[in-house]
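For reference, model.pdb (PDB, C-alpha atoms):
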ATOM      1  CA  MET S   1       0.000   0.000   0.000
ATOM      2  CA  LYS S   2       1.304   3.425  -0.878
ATOM      3  CA  LYS S   3       1.952   5.406   2.272
ATOM      4  CA  SER S   4       0.912   9.036   2.414
ATOM      5  CA  VAL S   5       3.625  11.582   3.222
ATOM      6  CA  PHE S   6       2.353  14.910   4.492
ATOM      7  CA  GLY S   7       4.578  17.857   3.647
ATOM      8  CA  SER S   8       3.145  20.147   6.320
ATOM      9  CA  PRO S   9       1.031  20.022   9.482
ATOM     10  CA  GLN S  10      -1.776  21.591   7.405
ATOM     11  CA  GLU S  11      -1.731  18.633   4.995
ATOM     12  CA  ALA S  12      -1.782  16.168   7.870
ATOM     13  CA  GLU S  13      -4.660  18.050   9.471
ATOM     14  CA  ALA S  14      -6.683  18.128   6.251
ATOM     15  CA  ALA S  15      -6.169  14.360   5.888
ATOM     16  CA  PHE S  16      -7.214  13.841   9.512
ATOM     17  CA  TYR S  17     -10.555  15.606   9.126
ATOM     18  CA  GLU S  18     -11.188  14.041   5.699
ATOM     19  CA  ALA S  19     -10.610  10.558   7.174
ATOM     20  CA  LEU S  20     -12.886  11.461  10.097
ATOM     21  CA  GLU S  21     -15.675  12.585   7.737
ATOM     22  CA  ARG S  22     -15.334   9.492   5.573
ATOM     23  CA  GLY S  23     -14.999   7.102   8.519
ATOM     24  CA  ASP S  24     -11.892   5.686   6.814
ATOM     25  CA  ILE S  25      -9.770   3.878   9.402
ATOM     26  CA  ASP S  26      -6.796   3.267   7.085
ATOM     27  CA  ALA S  27      -6.644   6.916   6.052
ATOM     28  CA  MET S  28      -7.073   7.989   9.690
ATOM     29  CA  MET S  29      -4.215   5.826  10.934
ATOM     30  CA  GLU S  30      -1.901   7.028   8.152
ATOM     31  CA  VAL S  31      -2.160  10.474   9.727
ATOM     32  CA  TRP S  32      -0.979   9.313  13.156
ATOM     33  CA  ALA S  33       2.653   8.767  14.097
ATOM     34  CA  ASP S  34       3.210   5.052  14.759
ATOM     35  CA  ASP S  35       4.428   5.629  18.285
ATOM     36  CA  GLU S  36       3.645   4.508  21.815
ATOM     37  CA  GLU S  37       3.594   8.120  22.985
ATOM     38  CA  VAL S  38       0.731   9.416  20.827
ATOM     39  CA  VAL S  39      -2.218  10.776  22.804
ATOM     40  CA  CYS S  40      -5.911  10.936  21.877
ATOM     41  CA  VAL S  41      -8.816  12.302  23.928
ATOM     42  CA  HIS S  42     -12.262  11.958  22.359
ATOM     43  CA  PRO S  43     -14.883  14.414  23.707
ATOM     44  CA  GLY S  44     -15.786  13.342  27.256
ATOM     45  CA  GLY S  45     -13.627  10.234  26.983
ATOM     46  CA  PRO S  46     -10.524   9.009  28.771
ATOM     47  CA  ARG S  47      -7.045   9.772  27.506
ATOM     48  CA  LEU S  48      -5.761   7.033  25.239
ATOM     49  CA  THR S  49      -2.035   6.552  24.717
ATOM     50  CA  GLY S  50      -0.229   4.604  22.023
ATOM     51  CA  TYR S  51      -0.948   3.889  18.365
ATOM     52  CA  GLU S  52      -2.834   0.631  19.039
ATOM     53  CA  ALA S  53      -5.208   2.163  21.589
ATOM     54  CA  VAL S  54      -5.871   5.120  19.282
ATOM     55  CA  LEU S  55      -6.500   2.780  16.330
ATOM     56  CA  LYS S  56      -9.007   0.703  18.311
ATOM     57  CA  SER S  57     -10.892   3.806  19.433
ATOM     58  CA  TRP S  58     -11.303   5.161  15.884
ATOM     59  CA  ALA S  59     -12.267   1.715  14.577
ATOM     60  CA  GLN S  60     -14.984   1.564  17.231
ATOM     61  CA  ILE S  61     -16.218   5.089  16.418
ATOM     62  CA  PHE S  62     -16.300   4.410  12.679
ATOM     63  CA  SER S  63     -18.069   1.060  13.125
ATOM     64  CA  SER S  64     -21.306   2.915  13.929
ATOM     65  CA  GLY S  65     -21.555   3.804  10.241
ATOM     66  CA  GLN S  66     -22.632   7.346  11.146
ATOM     67  CA  ARG S  67     -21.112   9.869   8.756
ATOM     68  CA  LEU S  68     -20.178  13.363   9.870
ATOM     69  CA  ARG S  69     -19.595  16.731   8.282
ATOM     70  CA  ILE S  70     -16.927  18.738  10.023
ATOM     71  CA  GLN S  71     -16.100  22.372   9.506
ATOM     72  CA  ILE S  72     -12.968  23.726  11.117
ATOM     73  CA  SER S  73     -12.907  27.354  12.235
ATOM     74  CA  HIS S  74     -11.029  29.801  14.443
ATOM     75  CA  GLU S  75      -7.707  28.046  13.898
ATOM     76  CA  VAL S  76      -4.716  29.158  15.938
ATOM     77  CA  VAL S  77      -1.354  27.814  14.723
ATOM     78  CA  LEU S  78       1.728  27.575  16.953
ATOM     79  CA  SER S  79       4.586  26.416  14.744
ATOM     80  CA  GLY S  80       7.940  24.893  15.486
ATOM     81  CA  MET S  81      10.453  23.303  13.147
ATOM     82  CA  MET S  82       9.712  19.772  14.350
ATOM     83  CA  LEU S  83       6.514  20.128  16.331
ATOM     84  CA  THR S  84       3.427  22.230  15.628
ATOM     85  CA  VAL S  85       0.272  22.769  17.650
ATOM     86  CA  HIS S  86      -3.089  23.729  16.163
ATOM     87  CA  SER S  87      -6.102  24.833  18.172
ATOM     88  CA  VAL S  88      -9.388  24.621  16.271
ATOM     89  CA  HIS S  89     -13.125  24.715  16.714
ATOM     90  CA  GLU S  90     -14.753  21.645  15.174
ATOM     91  CA  ASN S  91     -18.281  22.265  13.964
ATOM     92  CA  ILE S  92     -19.680  18.771  13.603
ATOM     93  CA  ALA S  93     -22.983  17.753  12.034
ATOM     94  CA  VAL S  94     -24.315  14.264  11.439
ATOM     95  CA  GLN S  95     -25.057  13.688   7.741
ATOM     96  CA  GLY S  96     -28.795  13.502   7.158
ATOM     97  CA  GLU S  97     -29.643  15.451  10.316
ATOM     98  CA  GLN S  98     -30.604  19.116  10.320
ATOM     99  CA  ARG S  99     -29.654  20.067  13.851
ATOM    100  CA  PRO S 100     -26.076  21.139  14.476
ATOM    101  CA  GLY S 101     -24.028  18.989  16.839
ATOM    102  CA  GLN S 102     -22.348  20.265  19.974
ATOM    103  CA  PRO S 103     -19.326  22.431  19.240
ATOM    104  CA  VAL S 104     -15.992  20.857  20.054
ATOM    105  CA  VAL S 105     -12.652  22.515  20.767
ATOM    106  CA  ALA S 106      -9.585  20.536  19.729
ATOM    107  CA  THR S 107      -5.871  20.798  20.310
ATOM    108  CA  ASN S 108      -3.939  18.932  17.603
ATOM    109  CA  ALA S 109      -0.162  18.453  17.669
ATOM    110  CA  TYR S 110       1.930  17.292  14.715
ATOM    111  CA  LEU S 111       5.491  15.976  14.687
ATOM    112  CA  ARG S 112       7.903  16.113  11.752
ATOM    113  CA  THR S 113       9.032  12.501  11.288
ATOM    114  CA  ALA S 114      11.110  10.664   8.679
ATOM    115  CA  ASP S 115       7.757   9.987   6.957
ATOM    116  CA  GLY S 116       6.626  13.621   6.967
ATOM    117  CA  TRP S 117       4.312  15.353   9.425
ATOM    118  CA  ARG S 118       2.206  13.054  11.590
ATOM    119  CA  MET S 119      -0.369  13.658  14.290
ATOM    120  CA  ILE S 120       0.836  12.933  17.837
ATOM    121  CA  VAL S 121      -1.906  14.575  19.925
ATOM    122  CA  HIS S 122      -5.642  15.016  19.345
ATOM    123  CA  HIS S 123      -7.416  16.402  22.409
ATOM    124  CA  ALA S 124     -11.073  17.185  21.758
ATOM    125  CA  SER S 125     -13.625  18.355  24.316
ATOM    126  CA  PRO S 126     -17.159  19.760  24.234
ATOM    127  CA  ALA S 127     -17.348  23.550  24.264
ATOM    128  CA  PRO S 128     -20.211  25.933  25.064
ATOM    129  CA  ALA S 129     -22.533  26.589  22.136
ATOM    130  CA  MET S 130     -21.293  30.005  21.012
ATOM    131  CA  PRO S 131     -17.726  30.903  20.063
ATOM    132  CA  GLN S 132     -16.376  33.617  22.303
ATOM    133  CA  THR S 133     -16.357  37.159  21.006
ATOM    134  CA  SER S 134     -12.744  37.230  22.127
ATOM    135  CA  ASP S 135     -11.867  34.744  19.388
ATOM    136  CA  LEU S 136     -13.022  37.184  16.757
ATOM    137  CA  ALA S 137     -11.850  40.355  18.445
ATOM    138  CA  PRO S 138      -9.175  39.521  21.028
ATOM    139  CA  ALA S 139      -8.886  43.147  22.122
ATOM    140  CA  ALA S 140     -12.450  43.036  23.496
ATOM    141  CA  GLY S 141     -11.552  40.421  26.120
ATOM    142  CA  PRO S 142     -13.707  37.434  27.033
ATOM    143  CA  LYS S 143     -17.433  37.994  26.969
ATOM    144  CA  VAL S 144     -19.846  35.343  28.182
ATOM    145  CA  LEU S 145     -22.677  35.256  25.685
ATOM    146  CA  HIS S 146     -25.011  32.804  27.393
TER
ATOM    147  CA  MET Z   1       9.617  43.038  39.709
ATOM    148  CA  LYS Z   2      12.031  40.229  39.040
ATOM    149  CA  LYS Z   3      10.806  38.119  36.142
ATOM    150  CA  SER Z   4      11.041  34.349  36.346
ATOM    151  CA  VAL Z   5      12.963  32.572  33.590
ATOM    152  CA  PHE Z   6      12.170  28.886  33.198
ATOM    153  CA  GLY Z   7      15.048  26.817  31.876
ATOM    154  CA  SER Z   8      12.859  23.917  30.745
ATOM    155  CA  PRO Z   9       9.225  23.068  30.016
ATOM    156  CA  GLN Z  10       9.281  21.040  33.253
ATOM    157  CA  GLU Z  11      10.180  24.151  35.264
ATOM    158  CA  ALA Z  12       7.440  26.150  33.564
ATOM    159  CA  GLU Z  13       4.941  23.377  34.260
ATOM    160  CA  ALA Z  14       5.914  23.109  37.929
ATOM    161  CA  ALA Z  15       5.455  26.886  38.257
ATOM    162  CA  PHE Z  16       2.075  26.660  36.509
ATOM    163  CA  TYR Z  17       0.648  24.104  38.933
ATOM    164  CA  GLU Z  18       2.214  25.823  41.937
ATOM    165  CA  ALA Z  19       0.581  29.116  40.917
ATOM    166  CA  LEU Z  20      -2.720  27.284  40.378
ATOM    167  CA  GLU Z  21      -2.561  25.714  43.850
ATOM    168  CA  ARG Z  22      -1.682  29.027  45.488
ATOM    169  CA  GLY Z  23      -4.193  31.033  43.464
ATOM    170  CA  ASP Z  24      -1.368  33.447  42.666
ATOM    171  CA  ILE Z  25      -2.303  35.467  39.570
ATOM    172  CA  ASP Z  26       1.112  37.147  39.198
ATOM    173  CA  ALA Z  27       2.961  33.837  39.368
ATOM    174  CA  MET Z  28       0.415  32.264  36.994
ATOM    175  CA  MET Z  29       0.809  34.959  34.361
ATOM    176  CA  GLU Z  30       4.608  34.786  34.555
ATOM    177  CA  VAL Z  31       4.304  31.260  33.221
ATOM    178  CA  TRP Z  32       2.341  32.290  30.124
ATOM    179  CA  ALA Z  33       3.911  33.699  26.970
ATOM    180  CA  ASP Z  34       2.785  37.318  26.538
ATOM    181  CA  ASP Z  35       1.259  36.691  23.151
ATOM    182  CA  GLU Z  36      -2.051  37.138  21.351
ATOM    183  CA  GLU Z  37      -1.910  33.535  20.153
ATOM    184  CA  VAL Z  38      -1.894  31.755  23.510
ATOM    185  CA  VAL Z  39      -4.837  29.413  24.042
ATOM    186  CA  CYS Z  40      -6.553  28.338  27.272
ATOM    187  CA  VAL Z  41      -9.514  25.980  27.705
ATOM    188  CA  HIS Z  42     -10.773  25.536  31.279
ATOM    189  CA  PRO Z  43     -12.750  22.294  31.886
ATOM    190  CA  GLY Z  44     -16.107  22.649  30.142
ATOM    191  CA  GLY Z  45     -15.387  26.251  29.190
ATOM    192  CA  PRO Z  46     -14.952  28.058  25.881
ATOM    193  CA  ARG Z  47     -11.579  28.442  24.242
ATOM    194  CA  LEU Z  48      -9.906  31.692  25.256
ATOM    195  CA  THR Z  49      -7.229  33.252  23.069
ATOM    196  CA  GLY Z  50      -4.709  35.932  23.917
ATOM    197  CA  TYR Z  51      -2.819  36.848  27.081
ATOM    198  CA  GLU Z  52      -5.427  39.336  28.319
ATOM    199  CA  ALA Z  53      -8.346  36.904  28.009
ATOM    200  CA  VAL Z  54      -6.330  34.190  29.754
ATOM    201  CA  LEU Z  55      -5.312  36.601  32.542
ATOM    202  CA  LYS Z  56      -8.936  37.643  33.157
ATOM    203  CA  SER Z  57     -10.090  34.036  33.331
ATOM    204  CA  TRP Z  58      -7.492  33.041  35.932
ATOM    205  CA  ALA Z  59      -8.164  36.223  37.949
ATOM    206  CA  GLN Z  60     -11.855  35.289  38.004
ATOM    207  CA  ILE Z  61     -11.102  31.683  39.034
ATOM    208  CA  PHE Z  62      -8.715  32.746  41.784
ATOM    209  CA  SER Z  63     -11.132  35.393  43.123
ATOM    210  CA  SER Z  64     -13.299  32.625  44.618
ATOM    211  CA  GLY Z  65     -10.619  32.151  47.273
ATOM    212  CA  GLN Z  66     -10.973  28.361  46.979
ATOM    213  CA  ARG Z  67      -7.599  26.662  47.295
ATOM    214  CA  LEU Z  68      -6.798  23.461  45.435
ATOM    215  CA  ARG Z  69      -4.366  20.591  45.749
ATOM    216  CA  ILE Z  70      -3.282  19.231  42.404
ATOM    217  CA  GLN Z  71      -1.369  16.045  41.749
ATOM    218  CA  ILE Z  72      -0.060  15.432  38.261
ATOM    219  CA  SER Z  73       0.210  11.866  37.005
ATOM    220  CA  HIS Z  74       0.540   9.788  33.843
ATOM    221  CA  GLU Z  75       2.637  12.447  32.117
ATOM    222  CA  VAL Z  76       3.469  11.983  28.432
ATOM    223  CA  VAL Z  77       6.141  14.361  27.091
ATOM    224  CA  LEU Z  78       6.529  15.181  23.391
ATOM    225  CA  SER Z  79       9.631  17.346  23.083
ATOM    226  CA  GLY Z  80      10.886  19.642  20.386
ATOM    227  CA  MET Z  81      13.733  22.135  20.448
ATOM    228  CA  MET Z  82      11.418  25.150  20.549
ATOM    229  CA  LEU Z  83       8.035  23.690  21.350
ATOM    230  CA  THR Z  84       7.090  20.912  23.761
ATOM    231  CA  VAL Z  85       3.750  19.282  24.497
ATOM    232  CA  HIS Z  86       2.866  17.596  27.794
ATOM    233  CA  SER Z  87      -0.205  15.478  28.356
ATOM    234  CA  VAL Z  88      -1.097  14.983  32.027
ATOM    235  CA  HIS Z  89      -3.817  13.812  34.342
ATOM    236  CA  GLU Z  90      -4.665  16.468  36.923
ATOM    237  CA  ASN Z  91      -5.942  15.017  40.176
ATOM    238  CA  ILE Z  92      -7.593  18.006  41.827
ATOM    239  CA  ALA Z  93      -8.933  18.238  45.361
ATOM    240  CA  VAL Z  94     -10.366  21.259  47.149
ATOM    241  CA  GLN Z  95      -8.420  22.055  50.324
ATOM    242  CA  GLY Z  96     -10.501  21.255  53.381
ATOM    243  CA  GLU Z  97     -12.750  18.799  51.542
ATOM    244  CA  GLN Z  98     -12.345  15.036  51.784
ATOM    245  CA  ARG Z  99     -13.929  13.932  48.525
ATOM    246  CA  PRO Z 100     -11.726  13.861  45.441
ATOM    247  CA  GLY Z 101     -12.651  16.176  42.594
ATOM    248  CA  GLN Z 102     -13.387  15.067  39.065
ATOM    249  CA  PRO Z 103     -10.275  13.948  37.198
ATOM    250  CA  VAL Z 104      -9.110  16.286  34.475
ATOM    251  CA  VAL Z 105      -6.958  15.541  31.435
ATOM    252  CA  ALA Z 106      -4.784  18.413  30.220
ATOM    253  CA  THR Z 107      -2.673  19.137  27.177
ATOM    254  CA  ASN Z 108      -0.037  21.767  27.938
ATOM    255  CA  ALA Z 109       2.254  23.281  25.303
ATOM    256  CA  TYR Z 110       5.383  25.310  26.048
ATOM    257  CA  LEU Z 111       7.375  27.559  23.721
ATOM    258  CA  ARG Z 112      11.048  28.451  24.068
ATOM    259  CA  THR Z 113      11.107  32.242  24.024
ATOM    260  CA  ALA Z 114      13.786  34.870  24.599
ATOM    261  CA  ASP Z 115      12.624  34.797  28.244
ATOM    262  CA  GLY Z 116      12.877  31.016  28.612
ATOM    263  CA  TRP Z 117      10.108  28.439  28.311
ATOM    264  CA  ARG Z 118       6.573  29.790  28.522
ATOM    265  CA  MET Z 119       3.154  28.192  28.378
ATOM    266  CA  ILE Z 120       1.254  28.784  25.139
ATOM    267  CA  VAL Z 121      -1.549  26.210  25.393
ATOM    268  CA  HIS Z 122      -3.466  24.828  28.380
ATOM    269  CA  HIS Z 123      -6.385  22.647  27.308
ATOM    270  CA  ALA Z 124      -8.113  20.947  30.237
ATOM    271  CA  SER Z 125     -11.262  18.838  30.105
ATOM    272  CA  PRO Z 126     -13.114  16.523  32.474
ATOM    273  CA  ALA Z 127     -12.207  12.844  32.150
ATOM    274  CA  PRO Z 128     -13.978   9.682  33.312
ATOM    275  CA  ALA Z 129     -13.310   8.787  36.939
ATOM    276  CA  MET Z 130     -10.740   6.009  36.493
ATOM    277  CA  PRO Z 131      -7.465   6.261  34.588
ATOM    278  CA  GLN Z 132      -7.387   3.789  31.752
ATOM    279  CA  THR Z 133      -5.477   0.568  32.282
ATOM    280  CA  SER Z 134      -3.871   1.354  28.938
ATOM    281  CA  ASP Z 135      -2.093   4.318  30.523
ATOM    282  CA  LEU Z 136      -0.329   2.032  32.944
ATOM    283  CA  ALA Z 137       0.174  -0.877  30.599
ATOM    284  CA  PRO Z 138      -0.076   0.370  27.005
ATOM    285  CA  ALA Z 139       0.407  -3.129  25.582
ATOM    286  CA  ALA Z 140      -2.898  -4.204  27.093
ATOM    287  CA  GLY Z 141      -4.888  -1.802  24.933
ATOM    288  CA  PRO Z 142      -7.820   0.309  26.098
ATOM    289  CA  LYS Z 143     -10.092  -1.223  28.691
ATOM    290  CA  VAL Z 144     -13.292   0.474  29.772
ATOM    291  CA  LEU Z 145     -13.482   0.107  33.533
ATOM    292  CA  HIS Z 146     -16.938   1.522  34.177
TER
END
Encoded form using structure tokens:
Amino acid sequence: MKKSVFGSPQEAEAAFYEALERGDIDAMMEVWADDEEVVCVHPGGPRLTGYEAVLKSWAQIFSSGQRLRIQISHEVVLSGMMLTVHSVHENIAVQGEQRPGQPVVATNAYLRTADGWRMIVHHASPAPAMPQTSDLAPAAGPKVLH
Amino acid sequence: MKKSVFGSPQEAEAAFYEALERGDIDAMMEVWADDEEVVCVHPGGPRLTGYEAVLKSWAQIFSSGQRLRIQISHEVVLSGMMLTVHSVHENIAVQGEQRPGQPVVATNAYLRTADGWRMIVHHASPAPAMPQTSDLAPAAGPKVLH
């Protein structure tokens, strides 16, 4: 099987969310570094460590057959030469349903490996319904909208 | 005022949790990079971006006067030259109360700046009550204990 090589954290991230939308376990696990130190936290779930544990969790999630649409917004990028951290809002909807899902905030970290950039951390957690005004206009400070 | 310089991400992290236990806003904000791109997610809260928004949130939290004891466990360290990511379990108890608080999983990122290592991301979210067996024995894979 031809192995994907991601030339940037952005490419790895795009592949991650595409695999998540498609429920494609092979594509998903190509994004992750094959390492015992990778970390994954699904919303409300325990922290999982290691490639095998992360693989099993995604396989279980995808086995439901539910397909999602995910829009990423409000991205903050913190870049290093070898390690990059992205903070994003995930706006998730179930395909075929009208109502929007609960917003999720995610911290994603990518490592530059011999095989290109790979995901090493995905930490996702439920967030309140409205994005903060401070995300759009940082100078205004945090404002609780609800 | 003498400014703290942290020689390693570990030093910055120790100062972070010490400031959190003491409810010391000055010590807390010395740990953070003074940057508009810093990101903080308190458990169940919205994502906050920027030094000022993060400062206000900690000031509000500390104003309750409640003092915490925090034990860090199950640390996973993902190190780069300029950027390092730590994943930890925070075991938080309120001082003077017997019952343990809800476990929290946190992703902390530190950047090497001209002023030493500073925190740039703190993403904390509630976790299920028991640490996963997989954290202690990764080879065993994830096991749902409850």
Could you write out chain Z as a tab-separated table (two decimals) with C-alpha atoms, in the frame of the given file once it has been least-squares superposed on chain S using every ordered C-alpha pair?
chain	number	residue	atom	x	y	z
Z	1	MET	CA	0.03	-0.02	0.02
Z	2	LYS	CA	1.30	3.41	-0.87
Z	3	LYS	CA	1.95	5.42	2.28
Z	4	SER	CA	0.91	9.05	2.43
Z	5	VAL	CA	3.62	11.60	3.23
Z	6	PHE	CA	2.35	14.94	4.50
Z	7	GLY	CA	4.59	17.87	3.66
Z	8	SER	CA	3.15	20.15	6.34
Z	9	PRO	CA	1.04	20.03	9.50
Z	10	GLN	CA	-1.76	21.61	7.43
Z	11	GLU	CA	-1.72	18.66	5.02
Z	12	ALA	CA	-1.77	16.19	7.89
Z	13	GLU	CA	-4.66	18.05	9.49
Z	14	ALA	CA	-6.68	18.15	6.27
Z	15	ALA	CA	-6.16	14.38	5.90
Z	16	PHE	CA	-7.21	13.86	9.53
Z	17	TYR	CA	-10.56	15.62	9.14
Z	18	GLU	CA	-11.16	14.07	5.72
Z	19	ALA	CA	-10.60	10.59	7.19
Z	20	LEU	CA	-12.89	11.48	10.11
Z	21	GLU	CA	-15.67	12.61	7.75
Z	22	ARG	CA	-15.32	9.51	5.58
Z	23	GLY	CA	-14.99	7.13	8.52
Z	24	ASP	CA	-11.91	5.71	6.81
Z	25	ILE	CA	-9.78	3.89	9.40
Z	26	ASP	CA	-6.82	3.28	7.06
Z	27	ALA	CA	-6.64	6.93	6.04
Z	28	MET	CA	-7.08	8.00	9.68
Z	29	MET	CA	-4.22	5.84	10.93
Z	30	GLU	CA	-1.92	7.05	8.15
Z	31	VAL	CA	-2.16	10.48	9.72
Z	32	TRP	CA	-0.98	9.31	13.15
Z	33	ALA	CA	2.65	8.77	14.09
Z	34	ASP	CA	3.22	5.06	14.75
Z	35	ASP	CA	4.43	5.62	18.28
Z	36	GLU	CA	3.65	4.48	21.81
Z	37	GLU	CA	3.58	8.09	22.98
Z	38	VAL	CA	0.74	9.40	20.83
Z	39	VAL	CA	-2.21	10.75	22.80
Z	40	CYS	CA	-5.90	10.92	21.87
Z	41	VAL	CA	-8.80	12.29	23.93
Z	42	HIS	CA	-12.26	11.95	22.36
Z	43	PRO	CA	-14.88	14.42	23.71
Z	44	GLY	CA	-15.76	13.34	27.25
Z	45	GLY	CA	-13.62	10.22	26.98
Z	46	PRO	CA	-10.51	9.01	28.78
Z	47	ARG	CA	-7.04	9.77	27.51
Z	48	LEU	CA	-5.75	7.02	25.24
Z	49	THR	CA	-2.03	6.54	24.70
Z	50	GLY	CA	-0.23	4.59	22.02
Z	51	TYR	CA	-0.96	3.88	18.36
Z	52	GLU	CA	-2.85	0.63	19.02
Z	53	ALA	CA	-5.22	2.17	21.58
Z	54	VAL	CA	-5.88	5.12	19.27
Z	55	LEU	CA	-6.50	2.78	16.31
Z	56	LYS	CA	-9.02	0.70	18.29
Z	57	SER	CA	-10.90	3.80	19.42
Z	58	TRP	CA	-11.30	5.17	15.89
Z	59	ALA	CA	-12.27	1.72	14.56
Z	60	GLN	CA	-14.99	1.57	17.22
Z	61	ILE	CA	-16.22	5.10	16.41
Z	62	PHE	CA	-16.29	4.43	12.67
Z	63	SER	CA	-18.08	1.08	13.11
Z	64	SER	CA	-21.32	2.94	13.92
Z	65	GLY	CA	-21.56	3.83	10.23
Z	66	GLN	CA	-22.64	7.38	11.14
Z	67	ARG	CA	-21.12	9.90	8.75
Z	68	LEU	CA	-20.18	13.39	9.88
Z	69	ARG	CA	-19.61	16.77	8.30
Z	70	ILE	CA	-16.92	18.76	10.05
Z	71	GLN	CA	-16.09	22.41	9.55
Z	72	ILE	CA	-12.95	23.76	11.15
Z	73	SER	CA	-12.88	27.38	12.27
Z	74	HIS	CA	-11.02	29.82	14.51
Z	75	GLU	CA	-7.70	28.07	13.93
Z	76	VAL	CA	-4.69	29.18	15.99
Z	77	VAL	CA	-1.34	27.81	14.76
Z	78	LEU	CA	1.74	27.57	16.99
Z	79	SER	CA	4.59	26.41	14.77
Z	80	GLY	CA	7.95	24.88	15.51
Z	81	MET	CA	10.46	23.29	13.16
Z	82	MET	CA	9.71	19.76	14.36
Z	83	LEU	CA	6.52	20.11	16.34
Z	84	THR	CA	3.44	22.22	15.65
Z	85	VAL	CA	0.28	22.75	17.67
Z	86	HIS	CA	-3.08	23.73	16.18
Z	87	SER	CA	-6.08	24.83	18.20
Z	88	VAL	CA	-9.38	24.62	16.31
Z	89	HIS	CA	-13.11	24.71	16.73
Z	90	GLU	CA	-14.74	21.64	15.20
Z	91	ASN	CA	-18.27	22.29	13.98
Z	92	ILE	CA	-19.68	18.79	13.63
Z	93	ALA	CA	-22.98	17.78	12.06
Z	94	VAL	CA	-24.33	14.30	11.45
Z	95	GLN	CA	-25.07	13.71	7.76
Z	96	GLY	CA	-28.80	13.54	7.17
Z	97	GLU	CA	-29.67	15.47	10.33
Z	98	GLN	CA	-30.61	19.14	10.33
Z	99	ARG	CA	-29.67	20.13	13.86
Z	100	PRO	CA	-26.08	21.17	14.49
Z	101	GLY	CA	-24.04	19.03	16.86
Z	102	GLN	CA	-22.35	20.29	19.98
Z	103	PRO	CA	-19.31	22.45	19.25
Z	104	VAL	CA	-15.99	20.86	20.06
Z	105	VAL	CA	-12.65	22.52	20.77
Z	106	ALA	CA	-9.57	20.53	19.75
Z	107	THR	CA	-5.85	20.79	20.32
Z	108	ASN	CA	-3.93	18.93	17.62
Z	109	ALA	CA	-0.15	18.43	17.68
Z	110	TYR	CA	1.94	17.28	14.71
Z	111	LEU	CA	5.50	15.97	14.68
Z	112	ARG	CA	7.91	16.10	11.75
Z	113	THR	CA	9.03	12.51	11.28
Z	114	ALA	CA	11.11	10.69	8.68
Z	115	ASP	CA	7.77	10.01	6.95
Z	116	GLY	CA	6.63	13.64	6.97
Z	117	TRP	CA	4.31	15.36	9.43
Z	118	ARG	CA	2.22	13.06	11.60
Z	119	MET	CA	-0.36	13.64	14.30
Z	120	ILE	CA	0.83	12.93	17.83
Z	121	VAL	CA	-1.90	14.57	19.93
Z	122	HIS	CA	-5.63	15.00	19.35
Z	123	HIS	CA	-7.40	16.39	22.41
Z	124	ALA	CA	-11.06	17.19	21.77
Z	125	SER	CA	-13.62	18.33	24.33
Z	126	PRO	CA	-17.14	19.75	24.24
Z	127	ALA	CA	-17.34	23.55	24.28
Z	128	PRO	CA	-20.19	25.93	25.09
Z	129	ALA	CA	-22.55	26.55	22.18
Z	130	MET	CA	-21.32	29.97	21.02
Z	131	PRO	CA	-17.77	30.86	20.03
Z	132	GLN	CA	-16.41	33.57	22.26
Z	133	THR	CA	-16.43	37.11	20.93
Z	134	SER	CA	-12.81	37.20	22.06
Z	135	ASP	CA	-11.93	34.69	19.34
Z	136	LEU	CA	-13.11	37.08	16.68
Z	137	ALA	CA	-11.94	40.26	18.32
Z	138	PRO	CA	-9.24	39.42	20.87
Z	139	ALA	CA	-8.89	43.06	21.95
Z	140	ALA	CA	-12.42	42.98	23.34
Z	141	GLY	CA	-11.53	40.39	25.96
Z	142	PRO	CA	-13.69	37.42	26.95
Z	143	LYS	CA	-17.42	37.95	26.91
Z	144	VAL	CA	-19.81	35.31	28.19
Z	145	LEU	CA	-22.68	35.17	25.73
Z	146	HIS	CA	-25.00	32.78	27.54
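You will find atom CA of Leu55 of chain S at 21.8 Å from atom CA of Val94 of chain S.
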Residue nearest chain S - candidates Z:Cys40, Z:Ile92, Z:Leu68, Z:Ala15, atoms counted: all atoms listed in the file: Z:Cys40
Near-Leu78 of chain Z list (12 Å; only C-alpha atoms; drop same-chain fewer than 4 positions) as a PyMOL selection string: (chain S and resi 33+35-39+82-85+109-112+119-121) or (chain Z and resi 9-10+82-88+107-110)
Result set of the PyMOL selection byres ((chain S) within 9 of (chain Z)) on the coordinates above, as an MDAnalysis selection string: chainID S and resid 36:39 41 43:50 52:54 56:57 76:85 87 89 105:107 109 111 120:121 123:132 134:135 138:142
Taking the file above as input, evaluate the PyMOL selection byres ((chain S and resi 20) around 9) and report the hits as a compact mmCIF listing (two decimals) with C-alpha atoms, in the frame of the given file.
# COMPACT_ATOMS: atom_id res chain seq x y z
CA ALA S 15 -6.17 14.36 5.89
CA PHE S 16 -7.21 13.84 9.51
CA TYR S 17 -10.56 15.61 9.13
CA GLU S 18 -11.19 14.04 5.70
CA ALA S 19 -10.61 10.56 7.17
CA GLU S 21 -15.68 12.58 7.74
CA ARG S 22 -15.33 9.49 5.57
CA GLY S 23 -15.00 7.10 8.52
CA ASP S 24 -11.89 5.69 6.81
CA ILE S 25 -9.77 3.88 9.40
CA ALA S 27 -6.64 6.92 6.05
CA MET S 28 -7.07 7.99 9.69
CA TRP S 58 -11.30 5.16 15.88
CA PHE S 62 -16.30 4.41 12.68
CA ARG S 67 -21.11 9.87 8.76
CA LEU S 68 -20.18 13.36 9.87
CA ARG S 69 -19.60 16.73 8.28
CA ILE S 70 -16.93 18.74 10.02
Resolved residues for the PyMOL selection byres ((chain S and resi 6) around 10) as a ChimeraX atom specification: /S:3-5,7-15,30-31,112-113,115-118
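Here atom CA of Gln71 of chain S and atom CA of Gly96 of chain S stand 15.7 Å from one another.
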